[in-house]
$ cat protein33.txt   # compact mmCIF, C-alpha atoms
# COMPACT_ATOMS: atom_id res chain seq x y z
CA MET A 1 87.81 86.40 85.82
CA THR A 2 89.02 89.97 85.32
CA GLY A 3 86.81 93.03 85.66
CA GLY A 4 86.87 93.72 81.91
CA THR A 5 85.84 90.17 81.12
CA ARG A 6 82.93 90.39 83.58
CA TRP A 7 81.72 93.64 81.94
CA LEU A 8 81.99 92.08 78.45
CA LEU A 9 80.04 89.03 79.60
CA ALA A 10 77.37 91.21 81.23
CA GLY A 11 77.06 93.24 78.01
CA ALA A 12 76.75 90.09 75.91
CA VAL A 13 74.02 88.75 78.22
CA ALA A 14 72.12 92.05 77.94
CA MET A 15 72.39 91.96 74.14
CA VAL A 16 71.14 88.37 73.96
CA ALA A 17 68.38 89.23 76.44
CA PHE A 18 67.15 91.89 74.01
CA ILE A 19 67.57 89.97 70.75
CA VAL A 20 65.99 86.64 71.74
CA PRO A 21 62.61 87.92 73.00
CA THR A 22 62.40 90.52 70.23
CA VAL A 23 62.94 88.00 67.43
CA LEU A 24 60.88 85.30 69.14
CA CYS A 25 57.89 87.63 69.59
CA GLY A 26 58.29 89.45 66.27
CA ILE A 27 58.52 86.33 64.09
CA TRP A 28 56.62 83.55 65.89
CA LEU A 29 54.42 84.71 68.78
CA LEU A 30 52.86 88.03 67.76
CA PRO A 31 51.92 87.56 64.05
CA ALA A 32 48.67 85.80 64.99
CA VAL A 33 47.73 88.52 67.49
CA VAL A 34 49.04 91.71 65.80
CA PRO A 35 48.64 91.66 62.00
CA ASP A 36 50.38 95.00 61.30
CA ALA A 37 54.17 94.44 60.95
CA ALA A 38 55.15 97.87 62.32
CA ALA A 39 52.97 97.47 65.41
CA ARG A 40 54.13 93.86 65.89
CA TRP A 41 57.83 94.81 65.84
CA SER A 42 57.17 97.79 68.13
CA VAL A 43 55.56 95.50 70.71
CA ALA A 44 58.30 92.88 70.23
CA SER A 45 61.01 95.53 70.70
CA ALA A 46 59.33 96.82 73.85
CA LEU A 47 59.19 93.30 75.28
CA GLY A 48 62.84 92.74 74.38
CA ALA A 49 63.80 96.05 76.01
CA ALA A 50 61.97 95.09 79.20
CA VAL A 51 63.81 91.77 79.42
CA ALA A 52 67.12 93.48 78.59
CA ALA A 53 66.56 96.06 81.34
CA VAL A 54 66.25 93.30 83.92
CA SER A 55 69.39 91.61 82.59
CA VAL A 56 71.28 94.93 82.74
CA LEU A 57 70.43 95.21 86.43
CA TRP A 58 71.77 91.70 86.98
CA GLY A 59 74.83 92.38 84.79
CA GLN A 60 75.84 95.50 86.69
CA GLY A 61 75.82 93.59 89.97
CA PHE A 62 77.69 90.68 88.41
CA ALA A 63 80.37 92.84 86.80
CA ALA A 64 80.91 95.16 89.76
CA ARG A 65 81.27 92.42 92.38
CA PRO A 66 84.84 91.22 93.00
CA GLY A 67 85.51 87.64 91.97
CA GLY A 68 82.72 87.30 89.40
CA GLY A 69 79.20 86.01 89.86
CA SER A 70 79.87 82.92 91.93
CA GLY A 71 79.17 84.70 95.22
CA THR A 72 82.70 84.13 96.53
CA ALA A 73 85.60 86.51 96.66
CA GLY A 74 87.38 84.60 93.90
CA GLY A 75 90.28 83.46 96.05
CA PRO A 76 91.44 82.75 99.56
CA ALA A 77 90.23 85.07 102.31
CA ARG A 78 92.58 87.94 103.07
CA SER A 79 94.15 87.80 106.52
CA VAL A 80 93.95 91.11 108.38
CA GLN A 81 95.94 91.49 111.59
CA ALA A 82 96.65 94.50 113.83
CA SER A 83 99.13 93.35 116.48
CA GLY A 84 100.96 96.51 117.53
CA THR A 85 99.90 99.04 120.16
CA ARG A 86 97.24 101.31 118.58
CA ALA A 87 97.83 99.55 115.24
CA VAL A 88 95.13 99.60 112.55
CA ALA A 89 94.84 97.02 109.77
CA VAL A 90 91.98 97.15 107.27
CA GLY A 91 91.58 94.63 104.45
CA GLY A 92 89.37 96.76 102.21
CA THR A 93 88.73 100.38 101.31
CA VAL A 94 88.60 103.02 104.05
CA ARG A 95 86.17 105.89 103.58
CA GLY A 96 86.97 108.24 106.43
CA ASN A 97 89.82 109.14 108.72
CA ILE A 98 92.12 106.89 110.72
CA SER A 99 93.90 108.27 113.79
CA THR A 100 96.25 106.26 115.99
CA GLY A 101 97.36 109.32 118.01
CA ASP A 102 95.85 110.83 121.10
CA GLY A 103 92.82 113.07 120.93
CA GLY A 104 89.63 111.09 121.27
CA VAL A 105 89.04 110.75 117.53
CA PRO A 106 87.33 107.39 116.90
CA SER A 107 89.59 104.91 115.16
CA ALA A 108 88.53 103.19 111.93
CA SER A 109 89.65 99.81 113.27
CA PRO A 110 86.89 97.65 114.72
CA PRO A 111 87.31 95.75 117.98
CA ALA A 112 89.17 92.45 117.76
CA GLY A 113 87.14 89.64 116.27
CA ARG A 114 84.78 91.87 114.25
CA GLN A 115 84.54 91.62 110.46
CA THR A 116 85.90 94.37 108.17
CA GLN A 117 85.08 94.20 104.45
CA GLY A 118 84.41 90.46 104.71
CA ALA A 119 87.84 89.69 106.16
CA PRO A 120 88.48 88.39 109.69
CA VAL A 121 90.23 90.85 112.01
CA THR A 122 92.44 89.59 114.81
CA ALA A 123 94.53 91.50 117.34
CA SER A 124 97.34 89.88 119.27
CA PRO A 125 99.71 91.46 121.79
CA GLU A 126 102.85 90.57 119.85
CA PRO A 127 103.53 90.07 116.12
CA ASP A 128 103.54 86.56 114.69
CA SER A 129 106.90 85.12 113.76
CA GLY A 130 107.50 84.06 110.19
CA ALA A 131 106.36 85.46 106.88
CA ALA A 132 102.79 86.62 106.34
CA PRO A 133 100.75 84.74 103.74
CA LEU A 134 100.20 86.30 100.32
CA GLY A 135 97.35 88.82 100.37
CA SER A 136 97.60 89.43 104.11
CA VAL A 137 97.46 92.84 105.73
CA THR A 138 99.46 93.13 108.96
CA ALA A 139 100.10 96.22 111.09
CA SER A 140 102.62 95.13 113.71
CA GLY A 141 104.39 98.30 114.86
CA GLU A 142 103.23 100.85 117.43
CA ARG A 143 100.64 103.20 115.86
CA SER A 144 101.14 101.53 112.47
CA VAL A 145 98.42 101.70 109.82
CA VAL A 146 98.03 99.25 106.95
CA VAL A 147 95.20 99.38 104.42
CA GLY A 148 94.71 96.61 101.87
CA ASP A 149 92.92 98.81 99.32
CA ALA A 150 92.28 102.56 98.92
CA VAL A 151 91.92 105.32 101.50
CA ALA A 152 89.47 108.19 100.99
CA GLY A 153 90.39 110.29 104.00
CA ASP A 154 93.31 111.15 106.26
CA ILE A 155 95.62 108.90 108.24
CA THR A 156 97.15 110.44 111.36
CA THR A 157 99.55 108.53 113.61
CA GLY A 158 100.58 111.29 116.03
CA ASP A 159 104.25 110.68 115.18
CA ARG A 160 105.02 114.16 113.77
CA PRO A 161 105.57 117.03 116.21
CA SER A 162 102.86 119.08 114.49
CA GLU A 163 100.34 116.32 115.25
CA GLY A 164 101.51 116.05 118.87
CA ASP A 165 99.46 114.97 121.84
CA ARG A 166 95.83 115.95 121.21
CA ARG A 167 94.45 115.90 124.73

$ encode --input "protein33.txt" --output "structure tokens"
Amino acid sequence: MTGGTRWLLAGAVAMVAFIVPTVLCGIWLLPAVVPDAAARWSVASALGAAVAAVSVLWGQGFAARPGGGSGTAGGPARSVQASGTRAVAVGGTVRGNISTGDGGVPSASPPAGRQTQGAPVTASPEPDSGAAPLGSVTASGERSVVVGDAVAGDITTGDRPSEGDRR
């Protein structure tokens, strides 16, 4: 399910969540309790708005989550592998800086075996032979950096002379 379809579905659910309680209360439930039509529809609209507000909170979470509302990622898990010396591979978005050069700046890559953005991270001393599966993120060269999504920060590998050795 695409992102636009999820937002349309969430909007339709919010609209139905407003209309159903409003009409149900305004026509069938409240006439016996509230005789004035203006007051009855005001109360019915307020009840419908309250139910719609709760559905909007649900809808935002449903539409913003990748893969829809099923609780899964919507496909096979992405393989993330950093196999080169000082290599960094991240399956999701990076918010911060990545440095594979010298200088004591903490790297954005977690230790081997830790989870990054819901994807398993593995580190092996030498690259795997054969083609990587579709959707995989592999950094196999020395000081290589691969990011599966967006980067909001700087990536420094120490390869340019201006970056040099930062000891």

$ atom_distance --input "protein33.txt" --atom1 "atom CA of A:Val33" --atom2 "atom CA of A:Ala17"
22.5 Å

$ residues_around --input "protein33.txt" --residues "stretch 144-158 of chain A" --least-positions-apart "5" --cutoff "6 Å" --atoms "all atoms listed in the file" --output "NGL selection string"
:A and (87-101 or 139 or 163-164)

$ atom_distance --input "protein33.txt" --atom1 "atom CA of A:Ala12" --atom2 "atom CA of A:Trp58"
12.2 Å

$ atom_distance --input "protein33.txt" --atom1 "atom CA of A:Val16" --atom2 "atom CA of A:Pro31"
21.6 Å

$ closest_residue --input "protein33.txt" --among "A:Ala46, A:Ala64, A:Ala32, A:Ala52" --to "A:Met15" --atoms "all atoms listed in the file"
A:Ala52

$ residues_around --input "protein33.txt" --residues "A:Thr5" --least-positions-apart "4" --cutoff "10 Å" --atoms "only C-alpha atoms" --output "ChimeraX atom specification"
/A:1,9-11,63,68

$ axis_aligned_box --input "protein33.txt" --around "stretch 37-46 of chain A" --padding-each-side "8 Å" --output "JSON"
{"center_x": 57.0, "center_y": 95.4, "center_z": 67.4, "size_x": 24.0, "size_y": 21.0, "size_z": 28.9}

$ closest_residue --input "protein33.txt" --among "A:Pro66, A:Gly61, A:Gly141, A:Gly48" --to "A:Leu24" --atoms "all atoms listed in the file"
A:Gly48
